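Participant: Provided herewith is a single structure, encoded as structure tokens, for subsequent inquiry.
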Amino acid sequence: MKRHLLSAADLTREDAEQVLTTAEEMRSLADRPIKKLPALRGRTVVNLFFEDSTRTRISFEAAAKRLSADVINFAAKGSSLSKGESLKDTALTLEAMGADAVVVRHGASGAPHRLAHSGWVRSSVVNAGDGTHEHPTQALLDAFTLWRHLGSLDGRRVAIVGDVLHSRVARSNALLLQTLGAEVTLVAPPTLLPVGIDTWGVQTSYDLDAVLPKTDAVMMLRVQRERMQGGFFPTAREYSRRYGLDARRMATLLDHAIVMHPGPMVRGMEISADVADSARSVIVEQVTNGVAVRMAVLYLLLSGSDSTTDPTTTTTEENDA
Amino acid sequence: MTGYLIKNVSVLGAEPTDLVLHDGVISAESVPGLAEVDGTGLVALPGLVDLHTHLREPGREDAETVESGTRAAALGGFTAVHAMANTDPVADTAGVVEQVWRLGREAGYCDVYPVGAVTVGLAGERLAELGAMADSAARVRIFSDDGKCVSDAVLMRRALEYVKAFDGVVAQHAQEPRLTENAQMNEGDLSGRLGLAGWPAVAEEAIIARDCLLAAHVGSRLHVCHVSTAGSVEIVRDAKRKGWNVTAEACPHHLLLTDELAATYDPIYKVNPPLRTAADTEALRAGLADGTIDVVATDHAPHPHEDKDCEWAAAAFGMLGLETALSIVQATMVDPGLLDWAGVAERMSYAPARIGRVAGHGRPIEEGAPANVVLYDPAARRTIEAAESASLSRNTPYAGMELPGRVIATFLRGKATVLDGKLQ
């Protein structure tokens, strides 16, 4: 793996498979009485969050702590966009505190890229979601969830439905799932598909009903209500009727097909409550897998990709204790 | 010392000859006591005239001053620059434009012609006192809300009509505001992937088309700032074919650089209008070659370091341009054979002086003309160093790039502002 994880495009198929395999080992830890490994003892992971995202932050925090890393949570409310401390000064501060990895969530697309490539910090940078760009660990946890349910993703059909235009989850998944051999279809009203999407290598459709019977997994994206002010669609009701996943639509899925959502959900908007809580839904499992995948990412970035050591069997005085 | 004898210099690429600058004008015969300059291998061009310069004074003297900006201009071969109105306070009164004009005279590196704002405070609501600015000592003839578009069609129509009274011209920053809310880069294949909000070509082209129609309807002159798309070139070409009084400019960075650079997320490449595609740069070069685009203008836009040393969305739009303009025109137009040196003189001196109604600049190098002359070495190569700029700012997108050509000397009315490549 590269030193930073900024985009799902940074991952070769080999890299991605290594993350998934490692995540599987990490996940098996959950069944052990003591869930902690000493792998990153003495290393410092900073969660640098310029946007509120409790679920992503606690997922990274749990991942780092289970690897025995020291965790500093830095909620930097005043990004330079709001004329507070600049991204650069925040980065220099973290560098001075000796961070080994910086997990960054930022409202500006490319902010983690700037952090990694401007010479401000020497640590590894993990993109935990930047603007409307990418969210690579979300794509990895989605791929991991798909892999656990469907096996190899080669030739598997995944539909990603909703606000693709503003979705970092859609961008990272479109890249990563294709790297892993899946066929991706992005489903949205035409106003919520970006210009140039024909160069992404994915299929696109405006018709959810036509796509659902042919997919192995359907991933529903959150639709923010503020998009309505932008006039991307006429009303929430119309959106829901055309692109929401309800029980009627779910019934058209193949028997083995699963329903995913990166959260947080808007129940009744893009997904109905009975679908979200159905047996096909793997939404809660995605959260569990998120911790395992982020453990794998932090472990691989900070221990070096050439390490062949099995993280779950390294000397474990804590386990012995 | 009363002048210069430039030996063996090629005027606009013609056979080498001697050129005499004496008592502020170009003279036919040498007189004793002139300082000799070896012109071997150099091209003599008329002093360059920039229609689009941000000097930032008053208000942002941390980014640029009239003095520092005109020093950079002289190093780039310019003898006249038009200072854009988006200062603080805005150049929307006779008082502000006279102040900028006077600062230019005091600095003495090149003539400064202030551009007046079209609307009060660039707010796009009501006309500024255009007549007062035209009648002031600064003799304003170009009016622009540059940085903002005069998007209201009625206001634009009135401005186009009103400036006819004093032979003015409205220079439009063509950007449909609703189509470009929060826009960060060219809307295309890359913007979607990078997750940066797109600035679509149609937002520029729709305004240019509308303004051409308005200018034709009321019989006014229109100048289009920083044309950046192939579609805009086509619209201007069509307007000219119809005989409408429309002129247009292109910027060096739009001739050379493309939107692929945004993939670095380095806001040194963030500019408005944005860098476009390779096909657009090709269309701009073709338009500049065939005269559809009348002028190369720099849109020199200095910004302090902290406004570029940040994430893309937080960064300011704009890049330096005065000291590199001629080299980029050589690289993109002259070296590929699209424009000869006479063509460069037309696009960078004669035409901008005509559009700005600037007397004393943009005159052919011939006896009796004011001695505004640039000596340029097209065989030189140089690697651009941001720290070497005479500008107070460092936001050049060309740092580290090797560009052809170097300005050896600039003469303003016979006085050297640059000699041996150094400011005097």
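Chain labels follow the order of the structure tokens: the first chain is A, the next B, and so on; residue numbering restarts at 1 in every chain, and ligands are counted from 1 in their shown order.
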Would you tabulate, counting only C-alpha atoms, all residues of chain A that have an atom at most 8 Å from an atom of chain B, showing the closest pair of atoms and their distance in Å to one decimal, sorted by chain then ascending number, as a tab-separated table?
Facilitator:
```
residue	atom	partner	partner_atom	distance
A:Ser80	CA	B:Ala314	CA	6.6
A:Leu81	CA	B:Ala314	CA	5.3
A:Ser86	CA	B:Cys310	CA	7.1
A:Leu87	CA	B:Cys310	CA	6.4
A:Lys88	CA	B:Cys310	CA	6.5
A:Ala108	CA	B:Ala313	CA	5.9
A:Ser109	CA	B:Gly195	CA	6.0
A:Gly110	CA	B:Tyr265	CA	5.7
A:Ala111	CA	B:Glu311	CA	5.2
A:His113	CA	B:Tyr265	CA	7.0
A:Arg114	CA	B:Glu311	CA	6.3
A:Gly131	CA	B:Gly195	CA	7.1
A:Thr132	CA	B:Gly195	CA	4.7
A:His133	CA	B:Gly195	CA	4.1
A:Glu134	CA	B:Gly195	CA	7.8
A:Leu165	CA	B:Gly192	CA	7.4
A:His166	CA	B:Gly195	CA	7.4
A:Arg168	CA	B:Gly195	CA	7.7
A:Arg171	CA	B:Arg193	CA	7.1
A:Pro194	CA	B:Gly192	CA	5.3
A:Val195	CA	B:Gly188	CA	5.8
A:Gly196	CA	B:Asp189	CA	4.0
A:Ile197	CA	B:Asp189	CA	6.9
A:Thr199	CA	B:Asp189	CA	6.8
```
Participant: I'd like the contact shell of Leu40 (chain A) - 7 Å cut-off, only C-alpha atoms, skipping same-chain residues fewer than 5 positions apart - returned as number ranges by chain.
Facilitator: A: 67-69
Participant: List the neighbours of region 398-413 of chain B out to 7 Å using only C-alpha atoms; skip same-chain residues closer than 3 positions along the sequence, and give me the result as an MDAnalysis selection string.
Facilitator: chainID B and resid 24:25 74:77 79 110 327 330:331 370:386 416:421
Participant: Env of Glu95 (chain A): 8 Å cut, atoms = only C-alpha atoms, seq-sep filter 2 positions within chain, self excluded. Answer as a ChimeraX atom specification.
Facilitator: /A:91-93,97-99,120-123
Participant: With C-alpha atoms retained, could you export that selection as a PDB file, in the first residue's frame?
Facilitator:
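Saved file part-v2.pdb follows:
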```
ATOM      1  CA  ALA A  91      -1.491  20.262  10.510  1.00  0.00           C
ATOM      2  CA  LEU A  92       1.720  21.800  11.834  1.00  0.00           C
ATOM      3  CA  THR A  93       0.338  21.577  15.373  1.00  0.00           C
ATOM      4  CA  MET A  97       2.635  16.575  18.722  1.00  0.00           C
ATOM      5  CA  GLY A  98       4.120  13.609  16.898  1.00  0.00           C
ATOM      6  CA  ALA A  99       1.167  12.071  15.095  1.00  0.00           C
ATOM      7  CA  TRP A 120       3.090  20.162   6.234  1.00  0.00           C
ATOM      8  CA  VAL A 121       3.113  16.739   7.887  1.00  0.00           C
ATOM      9  CA  ARG A 122       5.225  13.597   7.652  1.00  0.00           C
ATOM     10  CA  SER A 123       2.583  11.242   9.022  1.00  0.00           C
TER      11      SER A 123
END
```
Participant: Please identify all polymer residues within 12 Å of Ile58 (chain A), counting only C-alpha atoms, omitting same-chain residues fewer than 2 positions from it, and present them as a PyMOL selection string.
Facilitator: chain A and resi 47-49+52-56+60-66+71-73+103+128+287-288+290-291+294
Participant: May I have the residues within 10 Å of Thr87 (chain B) as a ChimeraX atom specification, using only C-alpha atoms and disregarding those fewer than 4 positions away in the same chain?
Facilitator: /B:54-61,83,91-92,96,117,121-122
Participant: Please dump the current selection as a short mmCIF file (atom, residue, chain, number, x, y, z; two decimals), in the first residue's frame; keep N, CA and C atoms.
Facilitator:
```cif
data_model
loop_
_atom_site.label_atom_id
_atom_site.label_comp_id
_atom_site.auth_asym_id
_atom_site.auth_seq_id
_atom_site.Cartn_x
_atom_site.Cartn_y
_atom_site.Cartn_z
N HIS B 54 -4.48 43.37 -12.28
CA HIS B 54 -4.94 43.70 -10.92
C HIS B 54 -3.74 44.20 -10.13
N LEU B 55 -3.77 45.48 -9.80
CA LEU B 55 -2.66 46.08 -9.04
C LEU B 55 -2.96 46.12 -7.54
N ARG B 56 -4.21 45.82 -7.16
CA ARG B 56 -4.62 45.63 -5.76
C ARG B 56 -4.57 46.88 -4.88
N GLU B 57 -4.00 47.97 -5.36
CA GLU B 57 -3.96 49.19 -4.56
C GLU B 57 -5.06 50.14 -5.07
N PRO B 58 -5.86 50.72 -4.23
CA PRO B 58 -5.85 50.68 -2.77
C PRO B 58 -6.51 49.43 -2.18
N GLY B 59 -6.09 49.08 -0.98
CA GLY B 59 -6.83 48.08 -0.21
C GLY B 59 -6.09 46.81 0.09
N ARG B 60 -5.41 46.24 -0.91
CA ARG B 60 -4.70 44.99 -0.66
C ARG B 60 -3.22 45.15 -0.97
N GLU B 61 -2.63 46.12 -0.28
CA GLU B 61 -1.21 46.39 -0.51
C GLU B 61 -0.32 45.26 0.00
N ALA B 83 -5.48 49.06 -14.89
CA ALA B 83 -5.65 48.55 -13.53
C ALA B 83 -7.12 48.30 -13.26
N ALA B 91 -12.84 51.08 -7.48
CA ALA B 91 -12.59 52.23 -8.35
C ALA B 91 -13.88 52.57 -9.09
N ASP B 92 -14.82 53.14 -8.34
CA ASP B 92 -16.11 53.50 -8.93
C ASP B 92 -16.39 55.00 -8.84
N VAL B 96 -11.09 57.71 -6.75
CA VAL B 96 -10.26 56.50 -6.68
C VAL B 96 -9.46 56.32 -7.98
N ALA B 117 -15.23 50.98 -12.45
CA ALA B 117 -16.31 50.01 -12.23
C ALA B 117 -17.54 50.42 -13.03
N GLY B 121 -19.75 49.91 -6.36
CA GLY B 121 -19.26 48.84 -5.49
C GLY B 121 -19.24 47.47 -6.13
N LEU B 122 -19.27 47.42 -7.45
CA LEU B 122 -19.35 46.15 -8.21
C LEU B 122 -20.59 45.35 -7.82
#
```
